[in-house]
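Here's the structure, in structure tokens; my notes come after.
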Amino acid sequence: MASFVLALFVLLISINVIILVERRRRRRMRRLGLPPGSFGLPLVGETLQLISAYKTENPEPFIDMRVSKYGSLFTTHVFGEPTVFSTDPQTNRFVLQNEGKLFESSYPSSISNLLGRKSLLLMKGSFHKRMHSLIMSFANSSIIRDHLLVDIDRLIRFNLHTWGGMVRLQDQTKKITFELTVKQLMSFDPGEWTESLRKEYLLLIEGFFSVPLPFFFTTYGRALKARTKVAEVLRLMVRERKERRAREGGEKQKDMLGALLEDGDGGFTEEEAVDFMLALLVAGYETTSTIMTLAVKFLTETPVALAALREEHDSIQERKQESEALSWSDYKSMPFTQCVINETLRVANIISGVFRRVMSDVNIKGYTIPKGWKVFASFRAVHLDQDLYKDARTFNPWRWQSNPPAASPGNIFTPFGGGPRLCPGYELARVEISVFLHYLVTGFSWETAEEDKLAFFPTTRTLKRYPINVRHRKVV
Ligand code: HEM
Ligand SMILES: *[C@@H]1O[C@H](CO)[C@@H](O)[C@H](O)[C@H]1NC(C)=O
Ligand SMILES: *[C@@H]1O[C@H](CO)[C@@H](O)[C@H](O)[C@H]1NC(C)=O
């Protein structure tokens, strides 16, 4: 009995202490003008809650709960730092537009070690601007139309040609996007060489999503080793190309490496070129292949949408000669496909938002966010906001036909980010996904081979790599 009373006593005291501490913290936050919120546990903050939510198919409660408690801007503590989460479209836009002025992109050092010191993703200022516009001018729509589309068509067709029986869609789309990127970067056709580069590259990618702590050291350590190997291969490519250009002069290759070496302002160093190509391999690979896979998943689960998409592509196919490649005007006559892609980007949100470091105290919506803090602009929270999109959490490609939500004020749909760091691959990704969907729906019918689920941490993906059984509809 006595011990019971004692236990009760201790419990009451601790509850009181917790309430007191919590109250004092809230008062302090209000005094400092911080958005309301909670720092969670010491050290880990709310990281564990965030991770466990994003490991499930439905991570929304993590944000929903906090938004209903604190409002659209709230303070938390994740991945070792105090962070303000924004679920507000105007604030997100403000953060993106003020990149380099009030905010700057920021990655943990474990990631910058893998990317390389001269990676575009880590660059700032005028050098970043130059690199960004270089990619923009390499991947803009007229370049895709005149140069890239023909290889996109050929390589996708070539890959799908080998399909039969059970395929794990996520593996296949990754193989496709890797081959496309290598071709676009340095004009290499797929072969043993690209496959062995890809194996190293896969180890490198794993490193991005491993925790760089001693007990996870193996994955991260392997990734660092793989980075050295991939960089070595790329360095050889750069060197070879430089020598060939010096030997042959005039003959220029219309690929990214060519554009890089051609760039007026004195060209780029070897290290810059290598890190640059690595960044492009990273940026276009997971993202585009995952959207391809998830578009198929959502279509499979929404047969009416699949039927409508197939009708659009069958009618394009009927106009064409056997094995005639898709042209730019074919791409431009796929309106429903663009709705499907937008809706997949909206619902799946492969980049769920961006982290930025606050460069000097910033006033937003009556709050002050201190210099040195992080802001997470959540695109996902906006895209899945029930007040902004009707039935926001259902896949409905038709919503893009009538009263397009993308037209709402303030550009609330930002799957490719915005401002100075707007994704320079946005059109390229759209074209690749469209061509892939064309050959998939015209060439095959399929059903899922196994139940599969989505997860959002460490990246958006399907847990079983989305296995489907495919049958040829007609020869691709
Ligand atoms: C569905 C596919 C894709 C999605 C959803 C996507 C999304 C994004 C987003 C949200 C950003 C902004 C990151 C930030 O602000 O910190 C970004 C940046 C970037 N993306 Fe993409 N991307 C996709 C495909 C591609 C492709 C195919 C390429 C290849 C050319 C590419 C190259 C880049 C590069 C180089 C950056 C960095 C830009 C900079 O920091 O200046 N992306 N992407
Ligand atoms: C695309 O970039 C090229 C240079 O690479 C430029 O000549 C062309 O005008 C650009 N086109 C568009 C539509 O911006
Ligand atoms: C898809 O989204 C983009 C913005 O990323 C927008 O410009 C475009 O109009 C949308 N497409 C459709 C069919 O609504």
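Just so we're on the same page: first chain in the structure tokens is A, next is B, and so on; residues restart at 1 for each chain, and ligands are numbered from 1 in the order they show up.
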To check your reading of the model: which residues sit at most 10 Å from ligand 2 when counting only C-alpha atoms and all ligand atoms? Write the answer as a PDB file with N, CA, C and O atoms, in the first residue's frame.
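Okay, out-v1.pdb is ready:
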ATOM      1  N   SER A 133      21.250  27.722 -65.255  1.00  0.00           N
ATOM      2  CA  SER A 133      20.767  28.113 -66.575  1.00  0.00           C
ATOM      3  C   SER A 133      21.383  27.229 -67.663  1.00  0.00           C
ATOM      4  O   SER A 133      20.780  27.011 -68.713  1.00  0.00           O
ATOM      5  N   LEU A 134      22.558  26.684 -67.376  1.00  0.00           N
ATOM      6  CA  LEU A 134      23.146  25.743 -68.334  1.00  0.00           C
ATOM      7  C   LEU A 134      22.262  24.496 -68.484  1.00  0.00           C
ATOM      8  O   LEU A 134      21.977  24.045 -69.598  1.00  0.00           O
ATOM      9  N   ILE A 135      21.801  23.958 -67.364  1.00  0.00           N
ATOM     10  CA  ILE A 135      20.926  22.781 -67.449  1.00  0.00           C
ATOM     11  C   ILE A 135      19.600  23.147 -68.088  1.00  0.00           C
ATOM     12  O   ILE A 135      19.058  22.415 -68.902  1.00  0.00           O
ATOM     13  N   MET A 136      19.075  24.309 -67.693  1.00  0.00           N
ATOM     14  CA  MET A 136      17.820  24.767 -68.284  1.00  0.00           C
ATOM     15  C   MET A 136      17.941  24.814 -69.801  1.00  0.00           C
ATOM     16  O   MET A 136      17.038  24.389 -70.515  1.00  0.00           O
ATOM     17  N   SER A 137      19.045  25.325 -70.294  1.00  0.00           N
ATOM     18  CA  SER A 137      19.170  25.456 -71.738  1.00  0.00           C
ATOM     19  C   SER A 137      19.541  24.119 -72.387  1.00  0.00           C
ATOM     20  O   SER A 137      19.426  23.947 -73.586  1.00  0.00           O
ATOM     21  N   PHE A 138      19.943  23.163 -71.563  1.00  0.00           N
ATOM     22  CA  PHE A 138      20.198  21.846 -72.142  1.00  0.00           C
ATOM     23  C   PHE A 138      18.929  21.010 -72.193  1.00  0.00           C
ATOM     24  O   PHE A 138      18.743  20.195 -73.080  1.00  0.00           O
ATOM     25  N   ALA A 139      18.045  21.213 -71.231  1.00  0.00           N
ATOM     26  CA  ALA A 139      16.864  20.361 -71.130  1.00  0.00           C
ATOM     27  C   ALA A 139      15.582  21.130 -71.432  1.00  0.00           C
ATOM     28  O   ALA A 139      14.513  20.714 -71.021  1.00  0.00           O
ATOM     29  N   ASN A 140      15.677  22.263 -72.145  1.00  0.00           N
ATOM     30  CA  ASN A 140      14.438  22.997 -72.442  1.00  0.00           C
ATOM     31  C   ASN A 140      13.668  22.305 -73.571  1.00  0.00           C
ATOM     32  O   ASN A 140      14.155  21.378 -74.212  1.00  0.00           O
ATOM     33  N   SER A 141      12.436  22.787 -73.808  1.00  0.00           N
ATOM     34  CA  SER A 141      11.568  21.997 -74.681  1.00  0.00           C
ATOM     35  C   SER A 141      12.078  21.898 -76.115  1.00  0.00           C
ATOM     36  O   SER A 141      11.913  20.863 -76.755  1.00  0.00           O
ATOM     37  N   SER A 142      12.744  22.949 -76.622  1.00  0.00           N
ATOM     38  CA  SER A 142      13.191  22.811 -78.019  1.00  0.00           C
ATOM     39  C   SER A 142      14.336  21.801 -78.151  1.00  0.00           C
ATOM     40  O   SER A 142      14.427  21.099 -79.153  1.00  0.00           O
ATOM     41  N   ILE A 143      15.176  21.699 -77.128  1.00  0.00           N
ATOM     42  CA  ILE A 143      16.242  20.690 -77.167  1.00  0.00           C
ATOM     43  C   ILE A 143      15.653  19.281 -77.056  1.00  0.00           C
ATOM     44  O   ILE A 143      16.058  18.355 -77.767  1.00  0.00           O
ATOM     45  N   ILE A 144      14.662  19.135 -76.183  1.00  0.00           N
ATOM     46  CA  ILE A 144      14.025  17.815 -76.060  1.00  0.00           C
ATOM     47  C   ILE A 144      13.404  17.433 -77.404  1.00  0.00           C
ATOM     48  O   ILE A 144      13.591  16.328 -77.898  1.00  0.00           O
ATOM     49  N   ARG A 145      12.672  18.374 -77.983  1.00  0.00           N
ATOM     50  CA  ARG A 145      11.991  18.113 -79.254  1.00  0.00           C
ATOM     51  C   ARG A 145      12.981  17.722 -80.352  1.00  0.00           C
ATOM     52  O   ARG A 145      12.796  16.740 -81.053  1.00  0.00           O
ATOM     53  N   LYS A 254      26.291  16.782 -78.958  1.00  0.00           N
ATOM     54  CA  LYS A 254      25.175  17.505 -78.355  1.00  0.00           C
ATOM     55  C   LYS A 254      24.706  16.810 -77.088  1.00  0.00           C
ATOM     56  O   LYS A 254      23.584  16.352 -76.999  1.00  0.00           O
ATOM     57  N   ALA A 259      27.968  20.345 -73.589  1.00  0.00           N
ATOM     58  CA  ALA A 259      27.545  21.689 -73.203  1.00  0.00           C
ATOM     59  C   ALA A 259      28.415  22.231 -72.075  1.00  0.00           C
ATOM     60  O   ALA A 259      28.777  23.405 -72.050  1.00  0.00           O
TER      61      ALA A 259
END
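All residues, whether protein, DNA or RNA, that have an atom at most 7 Å from ligand 3 (counting only C-alpha atoms and all ligand atoms) are A:Pro335, A:Gln338, A:Cys339, A:Asn342, A:Trp400, A:Gln401, A:Pro404, A:Ala406, A:Phe413, A:Thr414, A:Pro415, A:Phe416.
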- Message: Taking only C-alpha atoms and all ligand atoms and a cut-off of 6 Å, can you tell me which residues surround ligand 1, written as a VMD selection string?
- Response: chain A and resid 105 120 to 121 132 280 283 to 284 287 to 288 291 350 to 351 354 415 to 417 421 to 426 428 to 429
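Pairwise distance (atom CA of Glu46 of chain A, atom CA of Arg93 of chain A) equals 25.2 Å.
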- Message: Give me, as a PyMOL selection string, all polymer residues having an atom no more than 12 Å from Phe379 of chain A, counting only C-alpha atoms and skipping those fewer than 3 positions away in the same chain.
- Response: chain A and resi 63+85-93+95-96+345-355+376+382-385+411-418
- Query: Nearest to Arg30 of chain A: which of A:Ala381, A:Leu122, A:Leu463, A:Ile369 is it, counting only C-alpha atoms?
  - Reply: A:Ile369
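Of the listed residues A:Ala279, A:Ile364, A:Leu155, A:Ala295, the one whose atoms come nearest to Tyr201 of chain A is A:Ala279, with distances taken using only C-alpha atoms.
You will find atom CA of Gly40 of chain A at 9.1 Å from atom CA of Val78 of chain A.
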- Item | strand (DSSP E or B) residues, from DSSP on the backbone, in segment 131-379 of chain A, as a list in words | Gly165, Met166, Val167, Arg168, Gly353, Val354, Phe355, Arg356, Arg357, Val358, Val362, Asn363, Ile364, Tyr367, Thr368, Ile369, Lys374, Val375, Phe376, Ala377 and Ser378 of chain A
- Task: Please give the complete set of residues from segment 145-239 of chain A that DSSP, run on the backbone, assigns to helix (DSSP H, G or I), formatted as a PyMOL selection string.
- Result: chain A and resi 145-161+169-186+192-208+214-239
Dump of C-alpha atoms for the selected residues, as a PDB file, in the first residue's frame:
ATOM      1  CA  ARG A 145      11.991  18.113 -79.254  1.00  0.00           C
ATOM      2  CA  ASP A 146      14.974  18.287 -81.603  1.00  0.00           C
ATOM      3  CA  HIS A 147      17.525  16.064 -79.888  1.00  0.00           C
ATOM      4  CA  LEU A 148      16.492  14.127 -76.803  1.00  0.00           C
ATOM      5  CA  LEU A 149      13.073  12.756 -77.724  1.00  0.00           C
ATOM      6  CA  VAL A 150      14.347  10.336 -80.334  1.00  0.00           C
ATOM      7  CA  ASP A 151      16.591   8.538 -77.820  1.00  0.00           C
ATOM      8  CA  ILE A 152      13.965   8.639 -75.083  1.00  0.00           C
ATOM      9  CA  ASP A 153      11.586   6.887 -77.465  1.00  0.00           C
ATOM     10  CA  ARG A 154      14.157   4.362 -78.623  1.00  0.00           C
ATOM     11  CA  LEU A 155      15.540   3.419 -75.199  1.00  0.00           C
ATOM     12  CA  ILE A 156      12.127   3.072 -73.569  1.00  0.00           C
ATOM     13  CA  ARG A 157      10.858   0.912 -76.407  1.00  0.00           C
ATOM     14  CA  PHE A 158      14.013  -1.174 -76.294  1.00  0.00           C
ATOM     15  CA  ASN A 159      13.536  -1.823 -72.572  1.00  0.00           C
ATOM     16  CA  LEU A 160       9.837  -2.672 -72.752  1.00  0.00           C
ATOM     17  CA  HIS A 161      10.539  -5.025 -75.631  1.00  0.00           C
ATOM     18  CA  LEU A 169       8.111  -2.113 -62.035  1.00  0.00           C
ATOM     19  CA  GLN A 170      10.220  -0.009 -59.712  1.00  0.00           C
ATOM     20  CA  ASP A 171      13.405  -1.854 -60.735  1.00  0.00           C
ATOM     21  CA  GLN A 172      12.576  -1.586 -64.419  1.00  0.00           C
ATOM     22  CA  THR A 173      11.764   2.119 -64.344  1.00  0.00           C
ATOM     23  CA  LYS A 174      15.003   2.777 -62.497  1.00  0.00           C
ATOM     24  CA  LYS A 175      16.966   0.911 -65.136  1.00  0.00           C
ATOM     25  CA  ILE A 176      15.216   2.963 -67.817  1.00  0.00           C
ATOM     26  CA  THR A 177      15.792   6.356 -66.209  1.00  0.00           C
ATOM     27  CA  PHE A 178      19.427   5.544 -65.484  1.00  0.00           C
ATOM     28  CA  GLU A 179      20.043   4.599 -69.101  1.00  0.00           C
ATOM     29  CA  LEU A 180      18.262   7.735 -70.275  1.00  0.00           C
ATOM     30  CA  THR A 181      20.342   9.955 -68.016  1.00  0.00           C
ATOM     31  CA  VAL A 182      23.645   8.379 -69.049  1.00  0.00           C
ATOM     32  CA  LYS A 183      22.670   8.805 -72.685  1.00  0.00           C
ATOM     33  CA  GLN A 184      21.680  12.437 -72.178  1.00  0.00           C
ATOM     34  CA  LEU A 185      24.764  13.239 -70.150  1.00  0.00           C
ATOM     35  CA  MET A 186      27.427  11.645 -72.266  1.00  0.00           C
ATOM     36  CA  GLU A 192      27.588  -3.883 -69.754  1.00  0.00           C
ATOM     37  CA  TRP A 193      29.427  -0.679 -68.987  1.00  0.00           C
ATOM     38  CA  THR A 194      26.294   1.214 -67.929  1.00  0.00           C
ATOM     39  CA  GLU A 195      25.026  -1.747 -65.891  1.00  0.00           C
ATOM     40  CA  SER A 196      28.247  -2.001 -63.890  1.00  0.00           C
ATOM     41  CA  LEU A 197      28.261   1.753 -63.352  1.00  0.00           C
ATOM     42  CA  ARG A 198      24.674   1.460 -62.196  1.00  0.00           C
ATOM     43  CA  LYS A 199      25.568  -1.199 -59.611  1.00  0.00           C
ATOM     44  CA  GLU A 200      28.081   1.153 -57.990  1.00  0.00           C
ATOM     45  CA  TYR A 201      25.665   3.981 -58.311  1.00  0.00           C
ATOM     46  CA  LEU A 202      22.944   2.029 -56.458  1.00  0.00           C
ATOM     47  CA  LEU A 203      25.312   1.612 -53.495  1.00  0.00           C
ATOM     48  CA  LEU A 204      25.965   5.334 -53.576  1.00  0.00           C
ATOM     49  CA  ILE A 205      22.231   6.140 -53.546  1.00  0.00           C
ATOM     50  CA  GLU A 206      21.666   3.851 -50.561  1.00  0.00           C
ATOM     51  CA  GLY A 207      24.100   6.055 -48.673  1.00  0.00           C
ATOM     52  CA  PHE A 208      21.826   9.068 -48.985  1.00  0.00           C
ATOM     53  CA  PRO A 214      28.607   3.911 -36.510  1.00  0.00           C
ATOM     54  CA  PHE A 215      26.132   1.047 -36.376  1.00  0.00           C
ATOM     55  CA  PHE A 216      24.860   1.917 -39.826  1.00  0.00           C
ATOM     56  CA  PHE A 217      28.385   2.548 -40.941  1.00  0.00           C
ATOM     57  CA  THR A 218      28.507  -0.313 -43.390  1.00  0.00           C
ATOM     58  CA  THR A 219      25.853   1.114 -45.719  1.00  0.00           C
ATOM     59  CA  TYR A 220      27.211   4.621 -45.497  1.00  0.00           C
ATOM     60  CA  GLY A 221      30.814   3.471 -45.738  1.00  0.00           C
ATOM     61  CA  ARG A 222      30.038   1.361 -48.808  1.00  0.00           C
ATOM     62  CA  ALA A 223      28.338   4.390 -50.320  1.00  0.00           C
ATOM     63  CA  LEU A 224      31.399   6.583 -49.856  1.00  0.00           C
ATOM     64  CA  LYS A 225      33.519   3.902 -51.495  1.00  0.00           C
ATOM     65  CA  ALA A 226      31.066   3.631 -54.367  1.00  0.00           C
ATOM     66  CA  ARG A 227      31.157   7.383 -54.778  1.00  0.00           C
ATOM     67  CA  THR A 228      34.892   7.241 -55.338  1.00  0.00           C
ATOM     68  CA  LYS A 229      34.409   4.585 -58.014  1.00  0.00           C
ATOM     69  CA  VAL A 230      31.595   6.356 -59.813  1.00  0.00           C
ATOM     70  CA  ALA A 231      33.526   9.626 -59.719  1.00  0.00           C
ATOM     71  CA  GLU A 232      36.574   7.812 -61.108  1.00  0.00           C
ATOM     72  CA  VAL A 233      34.580   6.466 -64.065  1.00  0.00           C
ATOM     73  CA  LEU A 234      33.068   9.883 -64.737  1.00  0.00           C
ATOM     74  CA  ARG A 235      36.478  11.514 -64.476  1.00  0.00           C
ATOM     75  CA  LEU A 236      37.801   9.188 -67.158  1.00  0.00           C
ATOM     76  CA  MET A 237      34.877  10.126 -69.381  1.00  0.00           C
ATOM     77  CA  VAL A 238      35.530  13.815 -68.905  1.00  0.00           C
ATOM     78  CA  ARG A 239      39.225  13.398 -69.625  1.00  0.00           C
TER      79      ARG A 239
END
